[in-house]
Amino acid sequence: MTGARMDGLVVAERVKTEAAEAARRLRGKGIVPCLATVLVGEDPASAVYVRNKHRACAAAGVDTQDHTMGIGISQPELDSLIERLNADGAVHGILVQLPLPRHLDEFGTISRISSAKDVDGLTPESAGLLAAGRARLVACTPLGIMRMMDHYNIGLEGKHVVIINRSRLVGKPLYHLMLQRNATVTTCHSRTANLEDICRSADIIVTGVGNGSFELTSGMVKPGAVVVDVAINRVDGKLRGDADYAKVLEVASYVTPVPGGVGPMTVAMLLHNTLAAAGHGS
Ligand code: GUN
């Protein structure tokens with residue numbers, strides 16, 4: 001069997017078009033949707049991610065505030081910036097780019113964000129609501145994966161979904177989203193025993209290791225399974241995911257490429273969440 005490529009660029013474009021239409025409608029009602037980003041320090045990868053988010057917002061008609069802070073910012077200064085953005089009626093979404101420098105308290109900082117503006121779905125309140133089946137704003141990458149599943153008409157009910165990632169940004173929220181769609185979900189991580197066997201039992205594998213320590217080979221994939229690759233590994237200056245893409249495509253039914261798979265969906269869903277936050281109560 002030869003599988004099909006799941007094209008994140010195509011699906012992301014559709015989400016962005018919907019976001020632009022929603023932005024136009026809100027502007028027509030006098031609401032100018034606005035995302036505030038907070039970037040601390042000079043990590044080049046984080047700076048690129050934030051720049052891409054600003055560009056996507058501009059293209060969709062979403063205003064942005066760029067709060068790029070020096071690495072020397074103190075915790076109280078960062079806290080008061082978050083409080084200011086919480087109180088700013090012109091700001092609908094707040095995104096603190098992670099990771100923060102080590103001297104800052106990541107959990108404490110994120111926890112301060114008003115859950116109504118938590119477009120990353122990372123506050124304890126957002127995470128708790130998702131776990132309770134009452135999600136408001138959900139982390140962008142898992143939301144993007146669900147959107148891709150729906151776009152390609154991939155049924156989830158009764159399917160065994162294996163997620164190789166347990167982060168707050170990807171694995172944990174995705175677990176709940178898949179469970180709510182009646183999938184049977186297994187979360188795997190670096191200490192999981194018999195990972196290869198578990199993968200072979202999966203109807204859908206979502207892999208997001210991304211540190212070069214793991215490769216999802218075709219031998220770990222059941223014929224006809226779906227493979228979603230969330231990882232970004234830099235190898236010889238090129239981006240690649242966890243999966244051996246060409247070989248896995250020979251056994252799977254669908255595979256997301258890297259780049260051009262889940263990555264573009266993350267930014268598109270950030271627009272979606274910002275518009276949802278801006279539209280709430282309008
Ligand atoms: N760093 C890497 N991915 C993300 C993301 O989705 N949101 C935030 N805030 N930081 C990140």
# chains A, B, ... in the order shown; residues from 1 in each chain; ligands from 1
$ select_by_dssp --residues "stretch 19-136 of chain A" --states "strand (DSSP E)" --output "list in words"
Cys34, Leu35, Ala36, Thr37, Val38, Leu39, Val40, Asp63, Thr64, Gln65, Asp66, His67, Thr68, Met69, Gly93, Ile94, Leu95 and Val96 of chain A
$ residues_near_ligand --ligand "ligand 1" --cutoff "7 Å" --atoms "only C-alpha atoms and all ligand atoms" --output "list in words"
Ser46, Leu95, Val96, Gln97, Leu98, Pro99, Asp120, Ala139, Cys140, Thr141, Leu169 and Thr266 of chain A
$ closest_atom_pairs --of "stretch 132-203 of chain A" --to "stretch 7-10 of chain A" --cutoff "12 Å" --atoms "only C-alpha atoms" --output "Markdown table"
| residue | atom | partner | partner_atom | distance |
| --- | --- | --- | --- | --- |
| A:Thr141 | CA | A:Gly8 | CA | 11.6 |
| A:Gly144 | CA | A:Gly8 | CA | 8.9 |
| A:Ile145 | CA | A:Gly8 | CA | 9.3 |
| A:Met146 | CA | A:Gly8 | CA | 11.7 |
| A:Arg147 | CA | A:Gly8 | CA | 9.8 |
| A:Met148 | CA | A:Gly8 | CA | 7.3 |
| A:Met149 | CA | A:Gly8 | CA | 10.7 |
| A:His151 | CA | A:Val10 | CA | 10.0 |
| A:Tyr152 | CA | A:Asp7 | CA | 9.6 |
$ write_last_selection --atoms "N, CA and C atoms" --output "PDB file, in the first residue's frame"
ATOM      1  N   THR A 141      -1.402  23.214  18.593  1.00  0.00           N
ATOM      2  CA  THR A 141      -0.918  22.054  17.832  1.00  0.00           C
ATOM      3  C   THR A 141      -1.908  20.883  17.902  1.00  0.00           C
ATOM      4  N   GLY A 144      -4.851  21.676  15.826  1.00  0.00           N
ATOM      5  CA  GLY A 144      -4.518  21.568  14.400  1.00  0.00           C
ATOM      6  C   GLY A 144      -4.517  20.115  13.935  1.00  0.00           C
ATOM      7  N   ILE A 145      -4.055  19.219  14.797  1.00  0.00           N
ATOM      8  CA  ILE A 145      -4.058  17.792  14.442  1.00  0.00           C
ATOM      9  C   ILE A 145      -5.503  17.307  14.284  1.00  0.00           C
ATOM     10  N   MET A 146      -6.377  17.709  15.196  1.00  0.00           N
ATOM     11  CA  MET A 146      -7.781  17.290  15.094  1.00  0.00           C
ATOM     12  C   MET A 146      -8.409  17.828  13.800  1.00  0.00           C
ATOM     13  N   ARG A 147      -8.058  19.045  13.470  1.00  0.00           N
ATOM     14  CA  ARG A 147      -8.599  19.647  12.252  1.00  0.00           C
ATOM     15  C   ARG A 147      -8.127  18.892  11.002  1.00  0.00           C
ATOM     16  N   MET A 148      -6.868  18.466  11.026  1.00  0.00           N
ATOM     17  CA  MET A 148      -6.356  17.678   9.884  1.00  0.00           C
ATOM     18  C   MET A 148      -7.073  16.336   9.780  1.00  0.00           C
ATOM     19  N   MET A 149      -7.310  15.714  10.930  1.00  0.00           N
ATOM     20  CA  MET A 149      -8.019  14.424  10.942  1.00  0.00           C
ATOM     21  C   MET A 149      -9.395  14.593  10.287  1.00  0.00           C
ATOM     22  N   HIS A 151     -10.380  17.020   8.257  1.00  0.00           N
ATOM     23  CA  HIS A 151     -10.254  17.399   6.846  1.00  0.00           C
ATOM     24  C   HIS A 151     -10.094  16.161   5.965  1.00  0.00           C
ATOM     25  N   TYR A 152      -9.312  15.188   6.457  1.00  0.00           N
ATOM     26  CA  TYR A 152      -9.066  13.976   5.658  1.00  0.00           C
ATOM     27  C   TYR A 152     -10.057  12.848   5.997  1.00  0.00           C
TER      28      TYR A 152
END
$ select_by_dssp --residues "stretch 167-235 of chain A" --states "alpha helix (DSSP H)" --output "number ranges by chain"
A: 171-180, 195-200
$ residues_around --residues "stretch 78-94 of chain A" --least-positions-apart "2" --cutoff "6 Å" --atoms "only C-alpha atoms" --output "list in words"
Cys34, Leu35, Ala36, Thr37, Gln75, Pro76, Ser114, Lys117, Asp118, Val119, Thr274, Ala277 and Ala278 of chain A
$ residues_around --residues "stretch 237-252 of chain A" --least-positions-apart "6" --cutoff "12 Å" --atoms "only C-alpha atoms" --output "PyMOL selection string"
chain A and resi 1-6+164-165+200+202-231+258-263
$ atom_distance --atom1 "atom CA of A:Val40" --atom2 "atom CA of A:Pro101"
7.2 Å
$ closest_residue --among "A:Val62, A:Val48, A:Ile113, A:Ala132" --to "A:Asn273" --atoms "only C-alpha atoms"
A:Val62
$ closest_residue --among "A:Leu129, A:Met269, A:Met178, A:Ile154" --to "A:Tyr254" --atoms "only C-alpha atoms"
A:Ile154
$ atom_distance --atom1 "atom CA of A:Arg136" --atom2 "atom CA of A:Leu122"
11.1 Å
$ closest_residue --among "A:Lys53, A:His189, A:Arg24, A:Arg102" --to "A:Gly41" --atoms "only C-alpha atoms"
A:Arg102
$ residues_around --residues "A:Thr17" --least-positions-apart "6" --cutoff "12 Å" --atoms "only C-alpha atoms" --output "PyMOL selection string"
chain A and resi 10-11+23-24+56-57+59-61+268-269+271-272
$ atom_distance --atom1 "atom CA of A:Ile73" --atom2 "atom CA of A:Leu104"
8.7 Å
$ closest_residue --among "A:Arg234, A:Leu177, A:Thr192, A:Asn52" --to "A:Arg134" --atoms "only C-alpha atoms"
A:Leu177
$ closest_residue --among "A:Gly155, A:Pro173, A:Gly30, A:Gly108" --to "A:Ala135" --atoms "only C-alpha atoms"
A:Pro173
